[in-house]
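Engineer: Got entry_10.cif for you, mmCIF, C-alpha atoms:
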data_model
loop_
_atom_site.label_atom_id
_atom_site.label_comp_id
_atom_site.auth_asym_id
_atom_site.auth_seq_id
_atom_site.Cartn_x
_atom_site.Cartn_y
_atom_site.Cartn_z
CA LYS A 1 31.21 3.54 -45.71
CA CYS A 2 28.44 5.07 -43.55
CA MET A 3 29.03 7.57 -40.73
CA PRO A 4 26.01 8.36 -38.49
CA VAL A 5 25.66 12.02 -37.60
CA THR A 6 23.11 11.68 -34.76
CA GLY A 7 21.52 8.92 -32.67
CA GLY A 8 24.37 8.13 -30.32
CA PHE A 9 24.44 9.57 -26.82
CA SER A 10 27.56 11.68 -27.41
CA ARG A 11 26.39 12.85 -30.87
CA SER A 12 22.97 13.78 -29.50
CA ALA A 13 24.65 15.70 -26.67
CA VAL A 14 26.84 17.66 -29.10
CA ASN A 15 23.81 18.32 -31.30
CA TYR A 16 21.83 19.60 -28.33
CA GLN A 17 24.75 21.74 -27.13
CA ALA A 18 24.97 23.29 -30.60
CA GLY A 19 21.37 24.51 -30.23
CA ALA A 20 19.48 21.96 -32.35
CA LYS A 21 15.70 22.15 -31.99
CA THR A 22 14.29 19.89 -34.73
CA VAL A 23 15.30 16.78 -36.68
CA PHE A 24 16.33 19.03 -39.56
CA ALA A 25 19.50 19.63 -37.59
CA GLY A 26 20.56 16.11 -38.55
CA ALA A 27 20.48 17.04 -42.23
CA ILE A 28 22.57 20.13 -41.59
CA THR A 29 25.07 18.05 -39.62
CA ALA A 30 25.27 15.55 -42.48
CA VAL A 31 26.03 18.28 -45.01
CA ALA A 32 28.65 19.84 -42.73
CA LEU A 33 30.26 16.44 -42.12
CA THR A 34 30.37 15.73 -45.86
CA LEU A 35 32.09 19.02 -46.60
CA THR A 36 34.57 18.43 -43.77
CA VAL A 37 35.49 14.97 -45.04
CA LEU A 38 35.92 16.21 -48.63
CA PHE A 39 37.75 19.48 -48.13
CA LEU A 40 38.81 20.01 -44.46
CA THR A 41 40.30 16.68 -43.48
CA PRO A 42 43.94 17.93 -43.58
CA LEU A 43 43.09 20.51 -40.92
CA PHE A 44 42.04 17.79 -38.44
CA THR A 45 44.80 15.26 -39.21
CA ASP A 46 47.12 16.36 -36.42
CA LEU A 47 44.37 17.26 -33.93
CA PRO A 48 44.96 15.26 -30.69
CA LYS A 49 42.17 12.88 -29.66
CA PRO A 50 41.96 14.37 -26.12
CA ILE A 51 40.69 17.57 -27.71
CA LEU A 52 37.89 15.68 -29.46
CA SER A 53 37.15 13.89 -26.18
CA ALA A 54 36.99 17.21 -24.35
CA ILE A 55 34.39 18.45 -26.84
CA ILE A 56 32.23 15.40 -26.17
CA ILE A 57 32.70 15.58 -22.39
CA VAL A 58 31.73 19.25 -22.27
CA ALA A 59 28.64 18.55 -24.38
CA VAL A 60 27.56 15.52 -22.31
CA SER A 61 28.12 17.35 -19.01
CA THR A 62 25.19 19.62 -19.83
CA LEU A 63 22.90 16.56 -19.79
CA VAL A 64 23.81 15.71 -16.18
CA ASP A 65 21.58 17.52 -13.70
CA LEU A 66 23.27 17.31 -10.32
CA GLN A 67 20.43 19.20 -8.65
CA GLU A 68 18.12 16.33 -9.55
CA PHE A 69 20.32 13.97 -7.53
CA VAL A 70 20.02 16.25 -4.52
CA HIS A 71 16.26 16.49 -5.00
CA LEU A 72 15.83 12.71 -5.24
CA TRP A 73 17.99 12.16 -2.15
CA ALA A 74 15.71 14.44 -0.15
CA THR A 75 12.49 13.08 -1.69
CA ASP A 76 12.90 9.33 -2.19
CA LYS A 77 16.06 7.38 -1.42
CA ARG A 78 14.97 4.48 -3.64
CA ASP A 79 14.63 6.73 -6.69
CA PHE A 80 18.05 8.19 -5.87
CA LEU A 81 19.49 4.66 -5.83
CA LEU A 82 17.85 3.91 -9.17
CA VAL A 83 19.21 7.05 -10.85
CA SER A 84 22.68 6.54 -9.38
CA CYS A 85 22.87 2.97 -10.68
CA ALA A 86 21.71 4.07 -14.13
CA PHE A 87 24.28 6.89 -14.18
CA LEU A 88 27.21 4.75 -13.04
CA CYS A 89 26.37 1.84 -15.35
CA THR A 90 26.06 4.20 -18.30
CA LEU A 91 29.32 5.96 -17.41
CA PHE A 92 31.51 2.88 -16.85
CA TRP A 93 29.71 0.16 -18.83
CA GLY A 94 27.67 1.58 -21.70
CA LEU A 95 24.43 3.29 -22.61
CA LEU A 96 22.46 0.14 -23.45
CA GLN A 97 23.74 -1.70 -20.38
CA GLY A 98 22.82 1.27 -18.17
CA ILE A 99 19.29 1.34 -19.54
CA LEU A 100 18.83 -2.42 -19.04
CA VAL A 101 20.20 -2.39 -15.49
CA SER A 102 18.07 0.60 -14.46
CA ALA A 103 14.94 -0.95 -16.03
CA ALA A 104 15.52 -4.24 -14.16
CA LEU A 105 16.14 -2.40 -10.92
CA ALA A 106 12.96 -0.36 -11.43
CA VAL A 107 10.96 -3.59 -11.76
CA VAL A 108 12.50 -4.94 -8.54
CA LEU A 109 11.61 -1.75 -6.66
CA LEU A 110 8.06 -1.86 -8.05
CA VAL A 111 7.58 -5.45 -6.84
CA GLN A 112 9.00 -4.54 -3.43
CA ARG A 113 6.66 -1.56 -3.08
CA THR A 114 3.55 -3.50 -4.13
CA ALA A 115 4.39 -6.54 -1.99
CA ASN A 116 4.91 -4.42 1.14
CA PRO A 117 2.72 -1.33 0.77
CA HIS A 118 2.12 1.33 3.36
CA SER A 119 -0.67 0.58 5.83
CA ALA A 120 -2.11 2.27 8.89
CA VAL A 121 -4.27 1.70 11.95
CA LEU A 122 -6.76 4.56 12.15
CA VAL A 123 -7.88 6.48 15.23
CA LYS A 124 -10.38 9.30 15.63
CA VAL A 125 -8.81 12.74 15.67
CA ARG A 126 -12.01 14.82 15.48
CA ASP A 127 -15.60 14.20 16.51
CA ASP A 128 -17.69 16.64 14.47
CA PRO A 129 -17.48 15.64 11.71
CA PRO A 130 -15.72 12.36 12.55
CA VAL A 131 -12.20 12.26 11.11
CA PHE A 132 -9.91 9.22 11.30
CA ARG A 133 -6.16 9.29 10.69
CA ASN A 134 -3.04 7.17 11.09
CA ARG A 135 -2.34 6.64 14.79
CA GLU A 136 1.42 6.85 14.22
CA ARG A 137 1.08 10.40 12.91
CA PHE A 138 -1.65 11.33 15.39
CA PRO A 139 -0.67 9.61 18.65
CA ASP A 140 -3.20 11.70 20.61
CA GLY A 141 -6.11 10.32 18.57
CA ALA A 142 -8.81 8.30 20.31
CA PRO A 143 -9.19 4.65 19.25
CA ILE A 144 -12.63 3.08 19.10
CA PRO A 145 -13.09 0.70 22.07
CA ASN A 146 -12.51 -2.91 21.03
CA VAL A 147 -12.45 -1.94 17.35
CA LEU A 148 -9.45 -2.12 15.01
CA ILE A 149 -9.61 0.05 11.87
CA TYR A 150 -7.04 -1.05 9.29
CA ARG A 151 -6.26 0.65 5.97
CA GLN A 152 -3.87 -0.46 3.23
CA ASP A 153 -2.76 2.22 0.80
CA ALA A 154 -2.43 -0.02 -2.24
CA PRO A 155 -4.46 -2.46 -4.35
CA LEU A 156 -5.11 -5.85 -2.79
CA PHE A 157 -3.87 -8.50 -5.23
CA TYR A 158 -1.73 -11.60 -5.42
CA ALA A 159 1.56 -9.79 -4.74
CA ASN A 160 0.59 -8.43 -1.31
CA ALA A 161 -2.35 -10.62 -0.26
CA ASP A 162 -0.27 -12.70 2.17
CA SER A 163 1.30 -9.69 3.91
CA PHE A 164 -2.13 -8.05 4.13
CA GLN A 165 -3.62 -11.10 5.84
CA GLU A 166 -0.67 -11.50 8.18
CA SER A 167 -0.82 -7.85 9.23
CA ILE A 168 -4.51 -7.95 10.10
CA LEU A 169 -4.31 -11.26 11.97
CA THR A 170 -1.29 -10.04 13.93
CA LEU A 171 -2.87 -6.71 14.86
CA ALA A 172 -6.16 -8.36 15.84
CA GLY A 173 -4.31 -10.90 17.98
CA ASP A 174 -2.11 -8.31 19.68
CA GLY A 175 -5.05 -6.55 21.28
CA ASP A 176 -4.92 -3.37 19.20
CA GLY A 177 -8.51 -2.56 20.04
CA ASP A 178 -8.66 0.10 22.75
CA GLY A 179 -9.38 -1.31 26.15
CA GLY A 180 -8.19 -4.80 25.30
CA ARG A 181 -8.72 -7.37 22.61
CA ALA A 182 -10.30 -6.27 19.35
CA ARG A 183 -13.85 -7.56 18.91
CA VAL A 184 -14.40 -6.06 15.46
CA VAL A 185 -11.97 -5.37 12.60
CA ILE A 186 -12.91 -2.68 10.10
CA ILE A 187 -11.08 -2.96 6.77
CA HIS A 188 -10.94 0.50 5.21
CA GLY A 189 -10.80 0.29 1.41
CA GLY A 190 -10.65 3.99 0.60
CA ALA A 191 -7.05 3.70 -0.64
CA MET A 192 -7.57 0.27 -2.24
CA PRO A 193 -8.56 0.86 -5.88
CA LEU A 194 -8.41 -2.80 -6.89
CA VAL A 195 -9.18 -6.17 -5.35
CA ASP A 196 -8.53 -9.14 -7.62
CA SER A 197 -9.69 -12.74 -7.18
CA THR A 198 -6.76 -13.54 -4.87
CA GLY A 199 -7.57 -10.49 -2.77
CA ALA A 200 -11.24 -11.51 -2.52
CA ALA A 201 -10.22 -15.00 -1.40
CA THR A 202 -7.88 -13.43 1.15
CA LEU A 203 -10.72 -11.36 2.63
CA THR A 204 -12.77 -14.54 2.97
CA ARG A 205 -9.90 -16.31 4.74
CA ILE A 206 -9.42 -13.37 7.08
CA ARG A 207 -13.13 -13.36 7.97
CA ARG A 208 -13.09 -17.08 8.73
CA ARG A 209 -9.87 -16.94 10.75
CA LEU A 210 -11.14 -14.03 12.82
CA PHE A 211 -14.55 -15.63 13.23
CA GLU A 212 -12.82 -18.57 14.92
CA ARG A 213 -11.43 -16.06 17.44
CA GLY A 214 -14.80 -14.45 17.98
CA VAL A 215 -13.92 -11.35 15.96
CA ARG A 216 -16.25 -9.84 13.35
CA VAL A 217 -15.13 -8.14 10.12
CA VAL A 218 -16.71 -5.02 8.60
CA LEU A 219 -15.76 -3.46 5.25
CA CYS A 220 -16.12 0.18 4.22
CA GLU A 221 -15.13 2.94 1.79
CA PHE A 222 -14.47 0.64 -1.21
CA ASN A 223 -15.10 2.17 -4.62
CA GLY A 224 -17.99 1.09 -6.84
CA PRO A 225 -16.25 -1.52 -9.04
CA VAL A 226 -14.62 -3.17 -6.03
CA ARG A 227 -17.94 -3.22 -4.14
CA ASP A 228 -19.59 -4.91 -7.13
CA ALA A 229 -16.78 -7.47 -7.36
CA LEU A 230 -16.97 -8.29 -3.64
CA ARG A 231 -20.73 -8.75 -3.84
CA ARG A 232 -20.43 -11.05 -6.87
CA ALA A 233 -17.76 -13.07 -5.05
CA HIS A 234 -20.07 -13.33 -1.98
CA VAL A 235 -17.36 -11.76 0.16
CA ALA A 236 -19.54 -8.88 1.36
CA TYR A 237 -23.09 -7.56 1.19
CA ASP A 238 -24.33 -4.00 1.06
CA ALA A 239 -25.26 -3.14 4.63
CA ASP A 240 -26.23 0.50 4.11
CA GLN A 241 -29.82 1.22 5.06
CA GLY A 242 -32.05 2.24 2.16
CA SER A 243 -29.62 1.03 -0.49
CA ASN A 244 -31.17 -0.13 -3.74
CA GLN A 245 -28.45 -2.68 -4.35
CA GLY A 246 -28.40 -5.74 -2.20
CA SER A 247 -31.40 -4.59 -0.16
CA ASN A 248 -32.27 -8.17 0.68
CA GLU A 249 -28.77 -8.81 1.91
CA GLY A 250 -28.65 -5.48 3.68
CA SER A 251 -31.67 -6.45 5.73
CA LYS A 252 -29.77 -9.22 7.51
CA GLU A 253 -29.91 -9.09 11.25
CA GLU A 254 -27.05 -7.16 12.73
CA GLY A 255 -26.41 -9.77 15.35
CA ALA A 256 -26.11 -12.64 12.90
CA SER A 257 -22.89 -14.54 13.50
CA ASP A 258 -23.14 -17.36 10.99
CA GLU A 259 -19.70 -18.13 9.64
CA ASP A 260 -21.10 -18.56 6.13
CA ASP A 261 -22.47 -14.99 6.07
CA ALA A 262 -20.60 -12.37 4.08
CA CYS A 263 -19.09 -9.30 5.69
CA PRO A 264 -21.27 -6.19 6.03
CA MET A 265 -20.00 -3.47 3.71
CA PHE A 266 -20.67 0.26 4.16
CA VAL A 267 -20.11 3.27 1.94
CA SER A 268 -18.80 5.46 4.76
CA LEU A 269 -16.44 4.77 7.64
CA THR A 270 -18.81 6.53 10.04
CA ASP A 271 -21.57 3.98 9.39
CA ALA A 272 -19.08 1.13 9.66
CA VAL A 273 -17.86 2.42 13.04
CA ALA A 274 -21.46 2.67 14.28
CA ARG A 275 -22.08 -0.97 13.32
CA ALA A 276 -18.74 -2.03 14.81
CA ARG A 277 -19.57 -0.36 18.13
CA ARG A 278 -22.81 -2.34 18.36
CA LEU A 279 -21.10 -5.59 17.42
CA ALA A 280 -18.31 -5.00 19.95
CA ARG A 281 -20.82 -4.15 22.67
CA ASP A 282 -22.87 -7.26 21.92
CA ALA A 283 -19.73 -9.40 21.95
CA GLU A 284 -18.67 -7.96 25.30
CA GLU A 285 -22.09 -8.60 26.81
CA ALA A 286 -22.16 -12.16 25.47
CA THR A 287 -18.70 -13.01 26.80
CA PRO A 288 -18.85 -15.07 30.04
CA ARG A 289 -17.26 -13.28 32.97
CA GLU A 290 -15.26 -15.08 35.61
CA VAL A 291 -15.68 -14.06 39.24
CA VAL A 292 -14.23 -15.33 42.50
CA VAL A 293 -16.67 -16.52 45.17
CA LYS A 294 -15.41 -16.82 48.75
CA LEU A 295 -17.15 -19.60 50.66
CA ASP A 296 -15.33 -19.18 53.94
CA GLY A 297 -12.20 -17.65 55.32
CA GLU A 298 -9.85 -20.17 53.72
CA ARG A 299 -11.51 -21.48 50.61
CA SER A 300 -12.43 -19.62 47.47
CA GLY A 301 -13.62 -20.85 44.13
CA ALA A 302 -13.84 -19.54 40.57
CA ALA A 303 -17.22 -19.28 38.95
CA ARG A 304 -18.30 -18.21 35.46
CA LEU A 305 -21.14 -15.75 35.09
CA SER A 306 -23.04 -16.43 31.86
CA GLU A 307 -24.93 -13.92 29.73
CA ASP A 308 -28.28 -14.66 31.40
CA GLY A 309 -26.79 -14.14 34.86
CA ALA A 310 -26.58 -17.81 35.80
CA MET A 311 -23.46 -18.78 37.74
CA THR A 312 -21.69 -21.97 36.80
CA ALA A 313 -19.03 -23.46 39.04
CA VAL A 314 -15.62 -23.99 37.53
CA SER A 315 -14.22 -25.92 40.49
CA ALA A 316 -16.93 -28.18 41.86
CA ASP A 317 -14.83 -29.38 44.76
CA ASP A 318 -14.26 -25.87 46.08
CA LEU A 319 -17.82 -24.73 45.50
#
Could the structure of this file be written out as structure tokens, please?

Structural biologist:
Amino acid sequence: KCMPVTGGFSRSAVNYQAGAKTVFAGAITAVALTLTVLFLTPLFTDLPKPILSAIIIVAVSTLVDLQEFVHLWATDKRDFLLVSCAFLCTLFWGLLQGILVSAALAVVLLVQRTANPHSAVLVKVRDDPPVFRNRERFPDGAPIPNVLIYRQDAPLFYANADSFQESILTLAGDGDGDGGRARVVIIHGGAMPLVDSTGAATLTRIRRRLFERGVRVVLCEFNGPVRDALRRAHVAYDADQGSNQGSNEGSKEEGASDEDDACPMFVSLTDAVARARRLARDAEEATPREVVVKLDGERSGAARLSEDGAMTAVSADDL
């Protein structure tokens, strides 16, 4: 009949409490257990089981770090929940069951975090040099007129592509550009280390949906591998002046508004903001403006002032 001397949770705890440092402690425990079984068994015959249980409980209690629970509660409530579930399942159910439950819960939390990552709308908090930060943490920051700067702090892939698209379309439609409706959306990729094929397709869908609303899309701050992938997927072109890569694409006219064109992509946010300002200004100047023309004391009519200054009547009967 075989009797394991280490390996179990309680045996490992007792071994650790006894001061074991290496695996050689298992051999020493085996020898001591053999001698006990052969010569000292009568001494332990009448020993109550609660005493043996107390030895195990005291040894295992040293493996429970209550300060870590307090630290996790103050740092991350989700990690605290994970550790608490693992502890309770191990205590009342079993070691293997506790490990399986905590591993499954960790996977669920990982999916939840990747599917709904942190994101931010950026505003300028300093001019020289230009610094952009989360507007929720810096409410006194100055937004760029008619420009929405959006940053997602996670990879863009199949798990969060839909939420990413919905967030941008919602923000662009809610008039989050300063001074009214956003004319340009800048997607900041500085915290986006990966964009897979689903993410690239999502960027294309966002560009087309916003183009239908008269909104342009500009990309910036993506790392080298992501920039290469977006160029190969024809999602974006290198718009930096003097760049060796994509110089033919980078020479496209700034005012081009063909829906089939890829998004301009810049290395720095400062360059992207400069391009976005020009695009927003051009869009504002090209937007027809409606004015009211009074013909007499009682009648008035609405007219639309086009980009070239020509006035077109909206209500022919009144005009």

Engineer: Please report, as a Markdown table, each residue of stretch 89-183 of chain A lying at most 10 Å from stretch 207-226 of chain A, together with the nearest pair of atoms and the separation in Å rounded to one decimal; use all atoms listed in the file, and order rows by chain and ascending residue number.

Structural biologist:
| residue | atom | partner | partner_atom | distance |
| --- | --- | --- | --- | --- |
| A:Asn146 | CA | A:Val215 | CA | 9.9 |
| A:Val147 | CA | A:Val215 | CA | 9.6 |
| A:Leu148 | CA | A:Val217 | CA | 9.6 |
| A:Ile149 | CA | A:Val218 | CA | 9.3 |
| A:Tyr150 | CA | A:Leu219 | CA | 9.9 |
| A:Gln165 | CA | A:Arg209 | CA | 9.9 |
| A:Ile168 | CA | A:Leu210 | CA | 9.4 |
| A:Leu169 | CA | A:Leu210 | CA | 7.4 |
| A:Ala172 | CA | A:Leu210 | CA | 8.1 |
| A:Gly173 | CA | A:Arg213 | CA | 8.8 |
| A:Arg181 | CA | A:Val215 | CA | 9.3 |
| A:Ala182 | CA | A:Val215 | CA | 7.1 |
| A:Arg183 | CA | A:Val215 | CA | 4.8 |

Engineer: Next, dump the selected residues to file, keeping only C-alpha atoms, as a tab-separated table (two decimals), in the frame of the given file.

Structural biologist:
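For reference, part33.tsv as written:
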chain	number	residue	atom	x	y	z
A	146	ASN	CA	-12.51	-2.91	21.03
A	147	VAL	CA	-12.45	-1.94	17.35
A	148	LEU	CA	-9.45	-2.12	15.01
A	149	ILE	CA	-9.61	0.05	11.87
A	150	TYR	CA	-7.04	-1.05	9.29
A	165	GLN	CA	-3.62	-11.10	5.84
A	168	ILE	CA	-4.51	-7.95	10.10
A	169	LEU	CA	-4.31	-11.26	11.97
A	172	ALA	CA	-6.16	-8.36	15.84
A	173	GLY	CA	-4.31	-10.90	17.98
A	181	ARG	CA	-8.72	-7.37	22.61
A	182	ALA	CA	-10.30	-6.27	19.35
A	183	ARG	CA	-13.85	-7.56	18.91

Engineer: Evaluated on this file, the PyMOL selection byres ((chain A and resi 229-232) around 12) picks out some residues - which ones are they, written as a PyMOL selection string?

Structural biologist: chain A and resi 189+193-204+219-220+222-228+233-239+245-246+249-250+261-265

Engineer: Given the file shown, determine the residues that the PyMOL selection byres ((chain A and resi 268) around 9) selects; report them as a PyMOL selection string.

Structural biologist: chain A and resi 220-222+240+266-267+269-273

Engineer: For the atom pair atom CA of A:Glu285 and atom CA of A:Pro145, what is the interatomic distance in Å to one decimal place?

Structural biologist: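 Atom-to-atom, atom CA of A:Glu285 to atom CA of A:Pro145, that is 13.8 Å.
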
Engineer: How close does each residue of stretch 52-118 of chain A get to stretch 151-155 of chain A, giving the shortest atom pair and distance in Å to one decimal for every residue with an atom at most 8 Å away, counting only C-alpha atoms, sorted by chain and residue number, as CSV?

Structural biologist:
residue,atom,partner,partner_atom,distance
A:Thr114,CA,A:Ala154,CA,7.2
A:Pro117,CA,A:Ala154,CA,6.1
A:His118,CA,A:Asp153,CA,5.6

Engineer: Give me a file of those residues, with C-alpha atoms, as a PDB file, in the frame of the given file.

Structural biologist:
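The resulting file, result.pdb, is shown below:
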ATOM      1  CA  THR A 114       3.550  -3.500  -4.130  1.00  0.00           C
ATOM      2  CA  PRO A 117       2.720  -1.330   0.770  1.00  0.00           C
ATOM      3  CA  HIS A 118       2.120   1.330   3.360  1.00  0.00           C
TER       4      HIS A 118
END

Engineer: Calculated over only C-alpha atoms, which of the candidates A:Ala74, A:Leu82, A:Leu91, A:Leu122 has the smallest distance to A:Ala103?

Structural biologist: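 Closest residue, counting only C-alpha atoms: A:Leu82.
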